[in-house]
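Colleague: So here's protein_27.pdb, just PDB, C-alpha atoms:
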```
ATOM      1  CA  MET A 286     -35.672 -37.780  33.533
ATOM      2  CA  ALA A 287     -33.779 -35.325  35.672
ATOM      3  CA  VAL A 288     -34.275 -31.729  36.665
ATOM      4  CA  VAL A 289     -31.567 -29.251  35.663
ATOM      5  CA  THR A 290     -31.127 -25.686  36.829
ATOM      6  CA  LEU A 291     -31.298 -23.025  34.129
ATOM      7  CA  TYR A 292     -30.351 -19.369  34.320
ATOM      8  CA  MET A 293     -31.773 -16.545  32.221
ATOM      9  CA  SER A 294     -31.325 -12.787  31.997
ATOM     10  CA  ASP A 295     -34.657 -10.989  32.431
ATOM     11  CA  ARG A 296     -33.510  -8.754  29.563
ATOM     12  CA  ASP A 297     -33.739 -11.656  27.097
ATOM     13  CA  GLN A 298     -36.091 -14.437  28.060
ATOM     14  CA  ASN A 299     -35.327 -16.416  24.921
ATOM     15  CA  LYS A 300     -31.892 -17.471  26.049
ATOM     16  CA  THR A 301     -31.133 -19.814  28.914
ATOM     17  CA  PHE A 302     -27.831 -20.959  30.364
ATOM     18  CA  THR A 303     -26.823 -23.920  32.491
ATOM     19  CA  ASP A 304     -23.916 -21.915  33.867
ATOM     20  CA  LYS A 305     -24.840 -19.023  36.160
ATOM     21  CA  LYS A 306     -21.660 -17.060  35.413
ATOM     22  CA  GLU A 307     -22.390 -17.201  31.687
ATOM     23  CA  ALA A 308     -25.917 -15.923  32.324
ATOM     24  CA  ASP A 309     -24.486 -13.097  34.452
ATOM     25  CA  ASN A 310     -22.046 -12.113  31.720
ATOM     26  CA  TYR A 311     -24.811 -12.148  29.131
ATOM     27  CA  ASP A 312     -27.018  -9.991  31.358
ATOM     28  CA  LYS A 313     -24.194  -7.465  31.859
ATOM     29  CA  MET A 314     -23.524  -7.366  28.126
ATOM     30  CA  LEU A 315     -27.209  -6.644  27.422
ATOM     31  CA  GLU A 316     -27.279  -3.979  30.145
ATOM     32  CA  LEU A 317     -24.321  -2.219  28.551
ATOM     33  CA  ALA A 318     -25.920  -2.494  25.091
ATOM     34  CA  GLU A 319     -29.175  -0.986  26.388
ATOM     35  CA  ASN A 320     -27.394   1.971  27.970
ATOM     36  CA  VAL A 321     -25.304   2.629  24.860
ATOM     37  CA  SER A 322     -28.500   2.507  22.781
ATOM     38  CA  LEU A 323     -30.266   5.014  25.049
ATOM     39  CA  TRP A 324     -27.194   7.257  24.853
ATOM     40  CA  MET A 325     -27.210   7.108  21.018
ATOM     41  CA  GLU A 326     -30.950   7.787  20.880
ATOM     42  CA  LYS A 327     -30.461  10.889  23.031
ATOM     43  CA  GLU A 328     -27.340  12.282  21.355
ATOM     44  CA  ILE A 329     -27.458  11.349  17.650
ATOM     45  CA  PRO A 330     -30.450  12.709  15.711
ATOM     46  CA  GLY A 331     -32.206  10.661  13.052
ATOM     47  CA  LEU A 332     -31.144   7.125  13.954
ATOM     48  CA  ASN A 333     -33.823   4.507  13.465
ATOM     49  CA  GLU A 334     -34.617   1.881  16.111
ATOM     50  CA  GLU A 335     -32.632  -0.828  14.384
ATOM     51  CA  GLN A 336     -29.512   1.356  14.115
ATOM     52  CA  VAL A 337     -29.799   2.380  17.773
ATOM     53  CA  GLU A 338     -29.995  -1.269  18.840
ATOM     54  CA  SER A 339     -27.208  -2.376  16.502
ATOM     55  CA  ILE A 340     -24.795   0.266  17.806
ATOM     56  CA  GLY A 341     -25.540  -0.773  21.398
ATOM     57  CA  MET A 342     -24.898  -4.441  20.634
ATOM     58  CA  LEU A 343     -21.791  -3.658  18.550
ATOM     59  CA  LEU A 344     -20.139  -1.736  21.380
ATOM     60  CA  ALA A 345     -21.179  -4.227  24.064
ATOM     61  CA  GLU A 346     -20.123  -7.309  22.089
ATOM     62  CA  ASN A 347     -16.745  -5.723  21.329
ATOM     63  CA  LYS A 348     -16.157  -4.346  24.810
ATOM     64  CA  GLU A 349     -12.620  -5.689  25.147
ATOM     65  CA  THR A 350     -11.476  -4.313  21.780
ATOM     66  CA  LEU A 351     -13.153  -0.985  22.534
ATOM     67  CA  LEU A 352     -11.397  -0.758  25.907
ATOM     68  CA  LYS A 353      -8.038  -1.242  24.188
ATOM     69  CA  ALA A 354      -8.985   1.303  21.521
ATOM     70  CA  LEU A 355      -9.904   3.911  24.134
ATOM     71  CA  LYS A 356      -6.640   3.263  25.956
ATOM     72  CA  GLY A 357      -4.503   4.230  22.958
ATOM     73  CA  LYS A 358      -4.974   1.644  20.211
ATOM     74  CA  PRO A 359      -7.873   3.072  18.149
ATOM     75  CA  GLU A 360      -6.689   1.234  15.040
ATOM     76  CA  LEU A 361      -7.863  -2.059  16.604
ATOM     77  CA  LEU A 362     -11.456  -1.044  15.840
ATOM     78  CA  ILE A 363     -10.954  -1.271  12.110
ATOM     79  CA  GLN A 364      -8.709  -4.311  11.935
ATOM     80  CA  SER A 365     -10.583  -7.282  10.537
ATOM     81  CA  GLU A 366     -10.671 -10.525  12.479
ATOM     82  CA  GLU A 367      -8.425 -11.985   9.819
ATOM     83  CA  ASP A 368      -5.797  -9.256  10.306
ATOM     84  CA  LYS A 369      -5.759  -9.835  14.041
ATOM     85  CA  GLU A 370      -5.041 -13.542  13.624
ATOM     86  CA  ASN A 371      -2.361 -13.038  11.022
ATOM     87  CA  VAL A 372      -0.327 -10.486  12.956
ATOM     88  CA  THR A 373       3.207 -11.642  13.623
ATOM     89  CA  PRO A 374       5.340  -9.602  16.001
ATOM     90  CA  ILE A 375       8.338  -8.107  14.187
ATOM     91  CA  SER A 376      10.666  -9.779  16.653
ATOM     92  CA  ALA A 377       9.311 -13.196  15.634
ATOM     93  CA  SER A 378       9.520 -12.740  11.873
ATOM     94  CA  ALA A 379      13.264 -13.209  11.390
TER      95      ALA A 379
ATOM     96  CA  MET B  10       6.002  41.904  18.282
ATOM     97  CA  ALA B  11       7.142  38.497  19.374
ATOM     98  CA  VAL B  12       7.111  35.088  17.796
ATOM     99  CA  VAL B  13       5.179  32.366  19.580
ATOM    100  CA  THR B  14       5.255  28.638  18.907
ATOM    101  CA  LEU B  15       1.960  27.108  17.890
ATOM    102  CA  TYR B  16       0.994  23.453  17.675
ATOM    103  CA  MET B  17      -1.659  21.953  15.436
ATOM    104  CA  SER B  18      -2.994  18.467  14.699
ATOM    105  CA  ASP B  19      -2.748  17.665  10.987
ATOM    106  CA  ARG B  20      -6.234  16.166  11.361
ATOM    107  CA  ASP B  21      -7.741  19.618  11.995
ATOM    108  CA  GLN B  22      -5.776  22.539  10.621
ATOM    109  CA  ASN B  23      -8.276  25.071  11.920
ATOM    110  CA  LYS B  24      -7.274  24.688  15.531
ATOM    111  CA  THR B  25      -3.936  25.733  17.012
ATOM    112  CA  PHE B  26      -2.570  25.377  20.515
ATOM    113  CA  THR B  27       0.210  27.132  22.407
ATOM    114  CA  ASP B  28       0.636  24.056  24.587
ATOM    115  CA  LYS B  29       2.084  20.988  22.837
ATOM    116  CA  LYS B  30       0.493  18.535  25.249
ATOM    117  CA  GLU B  31      -2.942  20.005  24.559
ATOM    118  CA  ALA B  32      -2.340  19.659  20.826
ATOM    119  CA  ASP B  33      -1.254  16.031  21.346
ATOM    120  CA  ASN B  34      -4.387  15.267  23.322
ATOM    121  CA  TYR B  35      -6.565  16.886  20.679
ATOM    122  CA  ASP B  36      -4.842  14.877  17.939
ATOM    123  CA  LYS B  37      -5.360  11.627  19.858
ATOM    124  CA  MET B  38      -9.016  12.473  20.430
ATOM    125  CA  LEU B  39      -9.511  13.087  16.689
ATOM    126  CA  GLU B  40      -7.680   9.855  15.833
ATOM    127  CA  LEU B  41     -10.005   7.897  18.105
ATOM    128  CA  ALA B  42     -13.051   9.653  16.626
ATOM    129  CA  GLU B  43     -11.917   8.819  13.077
ATOM    130  CA  ASN B  44     -11.435   5.155  13.889
ATOM    131  CA  VAL B  45     -14.796   4.895  15.637
ATOM    132  CA  SER B  46     -16.418   6.559  12.607
ATOM    133  CA  LEU B  47     -14.799   4.090  10.189
ATOM    134  CA  TRP B  48     -15.940   1.234  12.433
ATOM    135  CA  MET B  49     -19.542   2.536  12.424
ATOM    136  CA  GLU B  50     -19.494   3.035   8.663
ATOM    137  CA  LYS B  51     -18.390  -0.584   8.207
ATOM    138  CA  GLU B  52     -20.699  -2.219  10.746
ATOM    139  CA  ILE B  53     -23.952  -0.213  10.868
ATOM    140  CA  PRO B  54     -25.881   0.000   7.597
ATOM    141  CA  GLY B  55     -27.641   3.170   6.511
ATOM    142  CA  LEU B  56     -25.880   5.809   8.595
ATOM    143  CA  ASN B  57     -25.313   9.112   6.831
ATOM    144  CA  GLU B  58     -21.962  10.898   6.904
ATOM    145  CA  GLU B  59     -23.038  13.333   9.612
ATOM    146  CA  GLN B  60     -24.243  10.537  11.906
ATOM    147  CA  VAL B  61     -21.025   8.561  11.358
ATOM    148  CA  GLU B  62     -18.939  11.609  12.307
ATOM    149  CA  SER B  63     -21.140  12.538  15.267
ATOM    150  CA  ILE B  64     -20.902   9.050  16.767
ATOM    151  CA  GLY B  65     -17.112   9.118  16.418
ATOM    152  CA  MET B  66     -16.839  12.483  18.135
ATOM    153  CA  LEU B  67     -19.371  11.536  20.825
ATOM    154  CA  LEU B  68     -17.403   8.440  21.851
ATOM    155  CA  ALA B  69     -14.023  10.189  21.652
ATOM    156  CA  GLU B  70     -15.136  13.290  23.573
ATOM    157  CA  ASN B  71     -16.659  11.115  26.297
ATOM    158  CA  LYS B  72     -13.793   8.633  26.481
ATOM    159  CA  GLU B  73     -13.448   8.733  30.255
ATOM    160  CA  THR B  74     -17.157   8.191  30.885
ATOM    161  CA  LEU B  75     -17.232   5.419  28.296
ATOM    162  CA  LEU B  76     -14.258   3.673  29.936
ATOM    163  CA  LYS B  77     -16.100   3.684  33.267
ATOM    164  CA  ALA B  78     -19.274   2.460  31.559
ATOM    165  CA  LEU B  79     -17.437  -0.459  29.932
ATOM    166  CA  LYS B  80     -15.869  -1.350  33.252
ATOM    167  CA  GLY B  81     -19.198  -1.926  34.960
ATOM    168  CA  LYS B  82     -21.033   1.394  35.267
ATOM    169  CA  PRO B  83     -23.102   1.545  32.040
ATOM    170  CA  GLU B  84     -25.670   3.831  33.689
ATOM    171  CA  LEU B  85     -23.111   6.682  33.588
ATOM    172  CA  LEU B  86     -23.768   7.019  29.853
ATOM    173  CA  ILE B  87     -27.314   8.223  30.359
ATOM    174  CA  GLN B  88     -26.805  10.393  33.420
ATOM    175  CA  SER B  89     -27.084  14.056  32.579
ATOM    176  CA  GLU B  90     -24.226  16.396  33.460
ATOM    177  CA  GLU B  91     -26.491  17.896  36.090
ATOM    178  CA  ASP B  92     -27.071  14.507  37.750
ATOM    179  CA  LYS B  93     -23.349  13.847  37.901
ATOM    180  CA  GLU B  94     -22.671  17.110  39.718
ATOM    181  CA  ASN B  95     -25.490  16.633  42.173
ATOM    182  CA  VAL B  96     -24.543  13.134  43.264
ATOM    183  CA  THR B  97     -23.754  12.937  46.942
ATOM    184  CA  PRO B  98     -22.232   9.732  48.261
ATOM    185  CA  ILE B  99     -24.573   8.023  50.744
ATOM    186  CA  SER B 100     -21.850   8.093  53.362
ATOM    187  CA  ALA B 101     -21.704  11.893  53.118
ATOM    188  CA  SER B 102     -25.435  12.585  53.289
ATOM    189  CA  ALA B 103     -26.042  11.994  57.013
TER     190      ALA B 103
END
```
Do you think you could lay out the structure here as structure tokens?
Modeller:
Amino acid sequence: MAVVTLYMSDRDQNKTFTDKKEADNYDKMLELAENVSLWMEKEIPGLNEEQVESIGMLLAENKETLLKALKGKPELLIQSEEDKENVTPISASA
Amino acid sequence: MAVVTLYMSDRDQNKTFTDKKEADNYDKMLELAENVSLWMEKEIPGLNEEQVESIGMLLAENKETLLKALKGKPELLIQSEEDKENVTPISASA
């Protein structure tokens, strides 16, 4: 038997990590999701609790894609995962 | 009488601009809103059309705040406009 160190975000006590950096990243992701959810709850009338939470998680889990979308590539938001993998630069297709 | 040049985004033919750059910015904002709306429609079940459109416009109209939020300041999303104006840096409060 040996003792190992575990790390956990206090925002989700069901998930533990052996790597502190991973736990930090998870905590930051949940923090972003929570703030997005509060923003939606305040600004968009008639959303139910599940929708509010789902929108928060969707934005937070896709942070990198959303950043690119906001910086001038909005079409990335509606490309499927499959599309993204199959893209071949024009210069490489000859 | 004189003729003036007007600019308009083909995404919203009700709004004209005398400044081309302003029209460009408005068109880009609407493009982002449309893509966010399509993303919401695809990923979040049960949203009505008005909610889908409102979320798209909310994200697009608050692009700069959202960028900052994604880059590590998620609390900006739920600060009221009033809070933002009243913030005094600690270094300036002495």
Colleague: Any idea what's packed within 9 Å of Leu75 of chain B, counting only C-alpha atoms, ignoring anything in its chain fewer than 5 positions away? Could you give it as a ChimeraX atom specification?
Modeller: /A:352,355 /B:68-69,80,82-83,85-86
Colleague: Please enumerate the residues selected by the PyMOL selection byres ((chain A) within 9 of (chain B)) when evaluated against the supplied file, formatted as an NGL selection string.
Modeller: :A and (313 or 316-321 or 323-325 or 327-332 or 336 or 339-340 or 343 or 345 or 348-349 or 351-352 or 354-363)
Colleague: Chain B superposed on chain A over all ordered C-alpha pairs, least squares: can you write that as a JSON list (two decimals) with C-alpha atoms, in the frame of the given file?
Modeller:
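And here's result-v1.json as it stands now:
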```
[["chain", "number", "residue", "atom", "x", "y", "z"],
["B", 10, "MET", "CA", -35.52, -37.74, 33.45],
["B", 11, "ALA", "CA", -33.59, -35.31, 35.57],
["B", 12, "VAL", "CA", -34.10, -31.73, 36.58],
["B", 13, "VAL", "CA", -31.42, -29.25, 35.56],
["B", 14, "THR", "CA", -30.98, -25.68, 36.77],
["B", 15, "LEU", "CA", -31.19, -23.03, 34.09],
["B", 16, "TYR", "CA", -30.24, -19.37, 34.28],
["B", 17, "MET", "CA", -31.68, -16.56, 32.21],
["B", 18, "SER", "CA", -31.24, -12.78, 32.00],
["B", 19, "ASP", "CA", -34.56, -10.99, 32.47],
["B", 20, "ARG", "CA", -33.44, -8.74, 29.61],
["B", 21, "ASP", "CA", -33.70, -11.63, 27.12],
["B", 22, "GLN", "CA", -36.05, -14.42, 28.11],
["B", 23, "ASN", "CA", -35.32, -16.39, 24.96],
["B", 24, "LYS", "CA", -31.86, -17.44, 26.03],
["B", 25, "THR", "CA", -31.07, -19.81, 28.89],
["B", 26, "PHE", "CA", -27.76, -20.96, 30.30],
["B", 27, "THR", "CA", -26.73, -23.93, 32.42],
["B", 28, "ASP", "CA", -23.80, -21.94, 33.76],
["B", 29, "LYS", "CA", -24.70, -19.04, 36.07],
["B", 30, "LYS", "CA", -21.54, -17.09, 35.30],
["B", 31, "GLU", "CA", -22.31, -17.22, 31.58],
["B", 32, "ALA", "CA", -25.81, -15.93, 32.26],
["B", 33, "ASP", "CA", -24.36, -13.12, 34.40],
["B", 34, "ASN", "CA", -21.96, -12.13, 31.64],
["B", 35, "TYR", "CA", -24.75, -12.15, 29.08],
["B", 36, "ASP", "CA", -26.93, -9.99, 31.33],
["B", 37, "LYS", "CA", -24.10, -7.48, 31.82],
["B", 38, "MET", "CA", -23.47, -7.37, 28.08],
["B", 39, "LEU", "CA", -27.16, -6.63, 27.42],
["B", 40, "GLU", "CA", -27.20, -3.97, 30.15],
["B", 41, "LEU", "CA", -24.25, -2.22, 28.53],
["B", 42, "ALA", "CA", -25.88, -2.48, 25.09],
["B", 43, "GLU", "CA", -29.12, -0.96, 26.42],
["B", 44, "ASN", "CA", -27.32, 1.97, 28.00],
["B", 45, "VAL", "CA", -25.27, 2.64, 24.87],
["B", 46, "SER", "CA", -28.49, 2.54, 22.82],
["B", 47, "LEU", "CA", -30.22, 5.05, 25.11],
["B", 48, "TRP", "CA", -27.14, 7.28, 24.89],
["B", 49, "MET", "CA", -27.19, 7.14, 21.07],
["B", 50, "GLU", "CA", -30.92, 7.83, 20.96],
["B", 51, "LYS", "CA", -30.40, 10.93, 23.11],
["B", 52, "GLU", "CA", -27.29, 12.30, 21.41],
["B", 53, "ILE", "CA", -27.46, 11.39, 17.70],
["B", 54, "PRO", "CA", -30.45, 12.76, 15.80],
["B", 55, "GLY", "CA", -32.25, 10.72, 13.16],
["B", 56, "LEU", "CA", -31.20, 7.18, 14.03],
["B", 57, "ASN", "CA", -33.90, 4.56, 13.57],
["B", 58, "GLU", "CA", -34.67, 1.95, 16.22],
["B", 59, "GLU", "CA", -32.70, -0.78, 14.46],
["B", 60, "GLN", "CA", -29.59, 1.40, 14.16],
["B", 61, "VAL", "CA", -29.83, 2.43, 17.82],
["B", 62, "GLU", "CA", -30.01, -1.22, 18.89],
["B", 63, "SER", "CA", -27.26, -2.34, 16.51],
["B", 64, "ILE", "CA", -24.84, 0.29, 17.79],
["B", 65, "GLY", "CA", -25.54, -0.76, 21.38],
["B", 66, "MET", "CA", -24.92, -4.41, 20.62],
["B", 67, "LEU", "CA", -21.85, -3.65, 18.50],
["B", 68, "LEU", "CA", -20.15, -1.72, 21.32],
["B", 69, "ALA", "CA", -21.17, -4.23, 24.00],
["B", 70, "GLU", "CA", -20.14, -7.31, 22.00],
["B", 71, "ASN", "CA", -16.77, -5.73, 21.21],
["B", 72, "LYS", "CA", -16.14, -4.36, 24.70],
["B", 73, "GLU", "CA", -12.61, -5.71, 25.00],
["B", 74, "THR", "CA", -11.50, -4.34, 21.63],
["B", 75, "LEU", "CA", -13.15, -1.01, 22.40],
["B", 76, "LEU", "CA", -11.35, -0.79, 25.76],
["B", 77, "LYS", "CA", -8.01, -1.29, 24.01],
["B", 78, "ALA", "CA", -8.99, 1.26, 21.35],
["B", 79, "LEU", "CA", -9.85, 3.87, 23.99],
["B", 80, "LYS", "CA", -6.58, 3.21, 25.76],
["B", 81, "GLY", "CA", -4.47, 4.17, 22.76],
["B", 82, "LYS", "CA", -4.98, 1.59, 20.00],
["B", 83, "PRO", "CA", -7.90, 3.05, 17.98],
["B", 84, "GLU", "CA", -6.76, 1.21, 14.84],
["B", 85, "LEU", "CA", -7.93, -2.09, 16.42],
["B", 86, "LEU", "CA", -11.52, -1.05, 15.69],
["B", 87, "ILE", "CA", -11.06, -1.28, 11.94],
["B", 88, "GLN", "CA", -8.83, -4.33, 11.77],
["B", 89, "SER", "CA", -10.67, -7.31, 10.39],
["B", 90, "GLU", "CA", -10.79, -10.53, 12.40],
["B", 91, "GLU", "CA", -8.51, -12.05, 9.79],
["B", 92, "ASP", "CA", -5.89, -9.31, 10.27],
["B", 93, "LYS", "CA", -5.90, -9.84, 14.01],
["B", 94, "GLU", "CA", -5.19, -13.55, 13.67],
["B", 95, "ASN", "CA", -2.45, -13.06, 11.13],
["B", 96, "VAL", "CA", -0.47, -10.49, 13.10],
["B", 97, "THR", "CA", 3.01, -11.67, 13.91],
["B", 98, "PRO", "CA", 5.06, -9.61, 16.33],
["B", 99, "ILE", "CA", 8.14, -8.15, 14.62],
["B", 100, "SER", "CA", 10.36, -9.80, 17.20],
["B", 101, "ALA", "CA", 9.00, -13.21, 16.18],
["B", 102, "SER", "CA", 9.31, -12.82, 12.42],
["B", 103, "ALA", "CA", 13.08, -13.25, 12.02]]
```
Colleague: Could you please determine the separation between atom CA of Phe26 of chain B and atom CA of Thr74 of chain B in Å, to one decimal place?
Modeller: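 For atom CA of Phe26 of chain B relative to atom CA of Thr74 of chain B, the distance reads 24.8 Å.
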Colleague: Could you tell me how far atom CA of Lys305 of chain A sits from atom CA of Gly341 of chain A, in Å to one decimal place?
Modeller: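 Going from atom CA of Gly341 of chain A over to atom CA of Lys305 of chain A covers 23.5 Å.
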Colleague: Evaluate the PyMOL selection byres ((chain B and resi 36) around 9) and record the selected residues as an MDAnalysis selection string, following the chain and residue labels used in the document.
Modeller: chainID B and resid 17:21 31:35 37:41
Colleague: Would you compute the distance between atom CA of Thr14 of chain B and atom CA of Asn71 of chain B? Give it in Å to one decimal.
Modeller: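 Those two atoms sit 29.0 Å apart.
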Colleague: If you take every atom of segment 354-365 of chain A that the file lists and fit an axis-aligned box around them with 4 Å extra on each side, what centre and edge lengths come out in Å to one decimal, as AutoDock Vina command-line options?
Modeller:
```
--center_x -8.0 --center_y -1.5 --center_z 18.2 --size_x 15.0 --size_y 19.5 --size_z 23.4
```
